[in-house]
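Contents: one structure, followed by commentary.
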Amino acid sequence: MTTLLNKTLAAIKPLDKNAMEKAAARQDILIKPQGALGRLEEISIRLAGIQRKAIPVIKNKAIITMAGDHGVVAEKVGNFPQEVTPQMVLNFVHGGAAINVISRQIGARVVVVNMGVAGDLPANIPVVNKLVARGTKNLARGPAMTEAQAIQSIEAGIEVVNSEIDKGLDIVGTGDMGIGNTTPSAAICAVMTGQSVAKVTGRGTGVSDEQLQHKIEVIERAIAVNKPDPKNGIDVLAKLGGFEIGGIAGVIIGAAARGVPVVVDGFISGAAALIAEAIAPQSREYMFLGHLSVEPGHKIMADKLGLKPIVTLDLRLGEGTGAAIGIFIAETSAKILAEMATFGEAGVSESKE
Ligand SMILES: Cc1cc2ncn([C@H]3O[C@H](COP(=O)(O)O)[C@@H](O)[C@H]3O)c2cc1C
Ligand SMILES: O=C(O)c1cccnc1
């Protein structure tokens, strides 16, 4: 049986080494001391390998922000009510959220996806409907979703990114919205990195010391009840995940299969990236980490993925905000490679060594 997921996994290729060598060689003849643009050089070279072009092009940009609700809010793991999820979806549509502002600044479109919002959304709003169910089940008491729903959510993400790539897309950023979703993200992080729950769990939208202790206990219980297999991304997603987390994993896998660079956002997107990497190890080469979140588990995720965050701005918002800023830097790196003059062109004397 060739499912969309299997077909997509089979399409992920290693990066184009030849394009990367050409990009690296060009970086070395641009009018600057070799290596002087540091990680901008590194980013441009990997973009070349991903896009399979010696000089990568970043023009069409999108942030895909996936929304879903979480049954685990019944355990009181945060202080905001669940209605904030659909309320924020409306804000994304009206352009007033942080992700809208940053996306306008970098010239990216925002694609909002309903993966699993519990409440009602008005009909006829520009939201892509991929509803798997109206919120996950409470992971502290059993699996958050079925295995079939986990696969459905990943395949929905693949479909969304494919349709955006068909419209024209040179780079994509991931984003999330879902009250309670730092809880499943910390659970996924602990299981997949082997670190303790206490070490990877943070305050999300803001909880007291006492509430943080309770959140840790809820996550420990969720892992004990579900016993997910850390090597099996679909099992971890089904037992501990969220529909938006599965959707983001699908966006990452789908982008990798089509040779499109994907900038991963904060803690929730990081959990999705761990799942994507477990299912599709080669997808890692297509990922950039937009920023380093304040959530303590994010650095542990970054280390496990072997990714260095592009910026550190102490963000703890999600929505795709850190991914959008990462895209700005990635685009800058590609423009430098394309537009800077070489020593030969500019008539600047080269180093004598
Ligand atoms: C107004 C508002 C806007 C947001 N935008 C993103 N998040 C972020 O906070 C939530 C995760 O934190 P926790 O696990 O503590 O609920 C997610 O919805 C995430 O995207 C928001 C949260 C709020 C309240
Ligand atoms: O890092 C994130 O993405 C994050 C952190 C706190 C709350 N929401 C999102």
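A note on labels: chains of the structure tokens are A, B, ... as shown, every chain counts residues from 1, and ligands are counted from 1 in their shown order.
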
Residues near A:Pro296, anyone? I mean within 12 Å using only C-alpha atoms, not counting same-chain ones fewer than 5 positions away, as a ChimeraX atom specification. /A:182,185-186,189-190,195-204,266-267,270,301-302,314-316

Next, dump the selected residues to file, keeping only C-alpha atoms, as an mmCIF file, in the first residue's frame.
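The resulting file, selection.cif, is shown below:
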```
data_model
loop_
_atom_site.group_PDB
_atom_site.id
_atom_site.type_symbol
_atom_site.label_atom_id
_atom_site.label_comp_id
_atom_site.auth_asym_id
_atom_site.auth_seq_id
_atom_site.Cartn_x
_atom_site.Cartn_y
_atom_site.Cartn_z
ATOM 1 C CA THR A 182 3.769 22.961 26.013
ATOM 2 C CA SER A 185 5.739 19.006 23.838
ATOM 3 C CA ALA A 186 7.627 18.501 27.108
ATOM 4 C CA CYS A 189 10.927 15.938 24.541
ATOM 5 C CA ALA A 190 11.527 13.854 27.689
ATOM 6 C CA GLN A 195 16.081 13.520 29.726
ATOM 7 C CA SER A 196 14.049 13.837 32.911
ATOM 8 C CA VAL A 197 10.636 15.516 32.758
ATOM 9 C CA ALA A 198 11.753 18.017 35.405
ATOM 10 C CA LYS A 199 14.656 19.124 33.215
ATOM 11 C CA VAL A 200 12.657 19.707 30.029
ATOM 12 C CA THR A 201 9.432 21.185 31.417
ATOM 13 C CA GLY A 202 8.957 24.937 31.490
ATOM 14 C CA ARG A 203 6.335 27.489 32.385
ATOM 15 C CA GLY A 204 4.633 27.808 28.978
ATOM 16 C CA GLY A 266 10.089 27.038 19.236
ATOM 17 C CA PHE A 267 9.266 24.334 21.742
ATOM 18 C CA GLY A 270 10.745 21.370 18.179
ATOM 19 C CA MET A 301 15.780 19.289 21.519
ATOM 20 C CA ALA A 302 18.225 21.412 19.505
ATOM 21 C CA ASP A 314 14.285 34.909 24.651
ATOM 22 C CA LEU A 315 10.990 34.372 22.830
ATOM 23 C CA ARG A 316 8.366 32.085 24.364
#
```

Protein and nucleic acid residues within 7 Å of ligand 1 (only C-alpha atoms and all ligand atoms) as a CSV table (one decimal) with C-alpha atoms, in the first residue's frame:
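Written file, result.csv:
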```csv
chain,number,residue,atom,x,y,z
A,78,GLY,CA,-1.9,26.4,32.6
A,80,PHE,CA,-5.4,30.5,30.0
A,84,VAL,CA,-8.1,31.3,23.5
A,85,THR,CA,-7.2,28.8,20.8
A,88,MET,CA,-6.2,33.4,18.4
A,176,ASP,CA,1.6,26.4,16.4
A,177,MET,CA,-1.4,27.6,18.4
A,178,GLY,CA,-3.0,25.4,21.0
A,179,ILE,CA,-3.6,26.1,24.7
A,180,GLY,CA,-1.9,23.5,26.8
A,181,ASN,CA,0.5,22.4,24.1
A,182,THR,CA,3.8,23.0,26.0
A,183,THR,CA,2.6,19.9,28.1
A,203,ARG,CA,6.3,27.5,32.4
A,204,GLY,CA,4.6,27.8,29.0
A,205,THR,CA,2.3,30.8,29.1
A,206,GLY,CA,3.2,31.3,32.8
A,317,LEU,CA,5.4,32.6,22.2
A,318,GLY,CA,5.2,30.1,19.3
A,319,GLU,CA,2.8,30.9,16.4
```

Just the alpha helix (DSSP H) stuff from stretch 10-67 of chain A, please, per backbone DSSP, written as a PyMOL selection string. chain A and resi 10+17-29+38-51

If we count only C-alpha atoms and set the cut-off at 7 Å, which residues sit around stretch 126-141 of chain A, ignoring sequence neighbours fewer than 5 positions away in its own chain? Please answer as a compact mmCIF listing (two decimals) with C-alpha atoms, in the first residue's frame.
```txt
# COMPACT_ATOMS: atom_id res chain seq x y z
CA GLY A 68 -5.19 22.26 17.84
CA ASP A 69 -6.56 21.73 21.33
CA HIS A 70 -5.49 19.41 24.11
CA GLY A 71 -7.52 17.22 26.46
CA VAL A 72 -4.75 17.52 29.03
CA VAL A 93 -7.03 35.70 10.15
CA VAL A 112 -3.59 29.07 9.23
CA VAL A 113 -4.67 25.46 9.58
CA ASN A 114 -7.35 24.00 11.83
CA MET A 115 -5.89 20.62 12.82
CA GLY A 116 -8.01 20.06 15.91
CA VAL A 117 -9.55 23.12 17.54
CA ALA A 118 -12.14 22.11 20.17
CA GLN A 149 -5.28 9.93 13.79
CA SER A 153 -2.41 14.54 11.17
CA ALA A 156 -2.60 16.60 6.58
CA VAL A 218 1.10 15.28 35.08
CA ILE A 219 3.70 14.69 32.36
CA ARG A 221 2.04 10.27 34.81
CA ALA A 222 1.30 10.58 31.07
CA VAL A 225 0.44 5.45 31.70
CA LYS A 239 0.28 8.62 22.86
CA LEU A 240 1.57 12.08 23.84
CA GLY A 242 -1.32 16.96 19.54
CA PHE A 243 -2.94 17.24 16.13
```

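Shortest separation to ligand 2 among A:Ser349, A:Thr321, A:Ser333, A:Asn100 occurs at residue A:Thr321, atoms counted being only C-alpha atoms and all ligand atoms.
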
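Among the residues of stretch 90-208 of chain A, backbone DSSP assigns strand (DSSP E or B) to A:Ala108, A:Arg109, A:Val110, A:Val111, A:Val112, A:Val113, A:Asn114, A:Met115, A:Gly116, A:Val128, A:Asn129, A:Ile171, A:Val172, A:Gly173, A:Thr174, A:Gly175, A:Asp176, A:Met177.
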
Residue nearest ligand 2 - candidates A:Asp120, A:Asp265, A:Glu155, A:Glu41, atoms counted: only C-alpha atoms and all ligand atoms: A:Asp265

Which residue gives the smallest distance to A:Lys352 among A:Pro33, A:Ala23, A:Ile64, A:Val111, with only C-alpha atoms counted? A:Pro33

Residue contacts of A:Leu4 (9 Å, only C-alpha atoms) excluding same-chain residues fewer than 2 positions away, as a ChimeraX atom specification: /A:2,6-9,155,158-159

Selected residues, N, CA and C atoms, written as an mmCIF file, in the first residue's frame, please.
```cif
data_model
loop_
_atom_site.group_PDB
_atom_site.id
_atom_site.type_symbol
_atom_site.label_atom_id
_atom_site.label_comp_id
_atom_site.auth_asym_id
_atom_site.auth_seq_id
_atom_site.Cartn_x
_atom_site.Cartn_y
_atom_site.Cartn_z
ATOM 1 N N THR A 2 0.698 2.103 -0.992
ATOM 2 C CA THR A 2 1.492 3.340 -0.995
ATOM 3 C C THR A 2 0.649 4.460 -0.417
ATOM 4 N N ASN A 6 4.158 7.205 3.135
ATOM 5 C CA ASN A 6 5.235 6.350 2.610
ATOM 6 C C ASN A 6 5.842 6.924 1.335
ATOM 7 N N LYS A 7 4.974 7.434 0.464
ATOM 8 C CA LYS A 7 5.450 8.015 -0.797
ATOM 9 C C LYS A 7 6.352 9.226 -0.505
ATOM 10 N N THR A 8 5.945 10.011 0.485
ATOM 11 C CA THR A 8 6.695 11.222 0.820
ATOM 12 C C THR A 8 8.045 10.846 1.434
ATOM 13 N N LEU A 9 8.044 9.864 2.323
ATOM 14 C CA LEU A 9 9.295 9.428 2.954
ATOM 15 C C LEU A 9 10.282 8.950 1.892
ATOM 16 N N GLU A 155 -0.162 13.344 7.604
ATOM 17 C CA GLU A 155 -0.501 13.439 6.169
ATOM 18 C C GLU A 155 -1.205 14.761 5.852
ATOM 19 N N ILE A 158 1.509 17.206 5.333
ATOM 20 C CA ILE A 158 2.146 16.996 4.010
ATOM 21 C C ILE A 158 1.269 17.626 2.923
ATOM 22 N N GLU A 159 -0.042 17.414 3.017
ATOM 23 C CA GLU A 159 -0.959 17.976 2.000
ATOM 24 C C GLU A 159 -0.912 19.506 2.010
#
```

Work out how far atom CA of A:Ala187 is from atom CA of A:Val172, in Å to one decimal. 25.8 Å

Among listed residues A:Ile234, A:Leu305, A:Ala272, A:Leu37, nearest ligand 2 (using only C-alpha atoms and all ligand atoms): A:Ala272

If we count only C-alpha atoms and set the cut-off at 6 Å, which residues sit around A:Ile310, ignoring sequence neighbours fewer than 3 positions away in its own chain? Please answer as a PyMOL selection string. chain A and resi 290-291+326

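Going from atom CA of A:Lys61 to atom 9 (C, counted along the ligand's line) of ligand 2 covers 21.6 Å.
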
If we count only C-alpha atoms, what is near stretch 248-259 of chain A at a cut-off of 7 Å, once residues fewer than 4 positions away on the same chain are taken out, given as a PDB file with C-alpha atoms, in the first residue's frame?
```pdb
ATOM      1  CA  THR A   8       6.695  11.222   0.820  1.00  0.00           C
ATOM      2  CA  LEU A   9       9.295   9.428   2.954  1.00  0.00           C
ATOM      3  CA  ALA A  11      11.062  11.016  -1.931  1.00  0.00           C
ATOM      4  CA  ILE A  12      13.494  12.559   0.599  1.00  0.00           C
ATOM      5  CA  ILE A  50      18.521  21.804  -0.077  1.00  0.00           C
ATOM      6  CA  GLN A  51      17.319  23.742  -3.136  1.00  0.00           C
ATOM      7  CA  MET A  66      -1.274  24.900  12.880  1.00  0.00           C
ATOM      8  CA  ILE A 154       1.042  14.002   9.591  1.00  0.00           C
ATOM      9  CA  GLU A 155      -0.501  13.439   6.169  1.00  0.00           C
ATOM     10  CA  ALA A 156      -2.604  16.601   6.582  1.00  0.00           C
ATOM     11  CA  GLY A 157       0.628  18.551   7.145  1.00  0.00           C
ATOM     12  CA  ILE A 158       2.146  16.996   4.010  1.00  0.00           C
ATOM     13  CA  VAL A 161       2.803  22.076   2.495  1.00  0.00           C
ATOM     14  CA  ASN A 162       2.434  20.403  -0.921  1.00  0.00           C
ATOM     15  CA  THR A 174       6.389  26.227  11.129  1.00  0.00           C
ATOM     16  CA  GLU A 244      -1.027  20.474  15.405  1.00  0.00           C
ATOM     17  CA  SER A 269       7.631  22.914  16.632  1.00  0.00           C
ATOM     18  CA  ALA A 272       7.262  18.024  15.990  1.00  0.00           C
ATOM     19  CA  ALA A 273      10.801  18.108  14.588  1.00  0.00           C
ATOM     20  CA  ILE A 275       8.912  13.227  15.657  1.00  0.00           C
ATOM     21  CA  ALA A 276       9.705  14.086  12.022  1.00  0.00           C
ATOM     22  CA  ALA A 280      12.361  10.454   8.474  1.00  0.00           C
ATOM     23  CA  SER A 283      14.509  15.342   7.035  1.00  0.00           C
ATOM     24  CA  TYR A 286      16.330  20.239   5.553  1.00  0.00           C
TER      25      TYR A 286
END
```

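Across A:Ile43, A:Val263, A:Ile245, A:Ala123, the tightest approach to A:Ile325 is made by A:Val263 when counting only C-alpha atoms.
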
Using only C-alpha atoms, which protein or nucleic acid residues come within 7 Å of A:Ala341? Drop anything in the same chain fewer than 3 positions from it, and give the result as a ChimeraX atom specification. /A:30-31,345-346

Per residue of stretch 167-210 of chain A within 10 Å of stretch 103-108 of chain A, note the shortest atom pair and the distance in Å to one decimal, counting only C-alpha atoms, and order the rows by chain and increasing residue number, as a tab-separated table.
```
residue	atom	partner	partner_atom	distance
A:Leu169	CA	A:Ala108	CA	9.8
A:Ile171	CA	A:Ala108	CA	9.5
A:Val172	CA	A:Ala108	CA	8.9
A:Gly173	CA	A:Ala108	CA	9.3
```

Distance of atom CA of A:Gly119 from atom CA of A:Gln82, expressed in Å to one decimal place: 8.3 Å
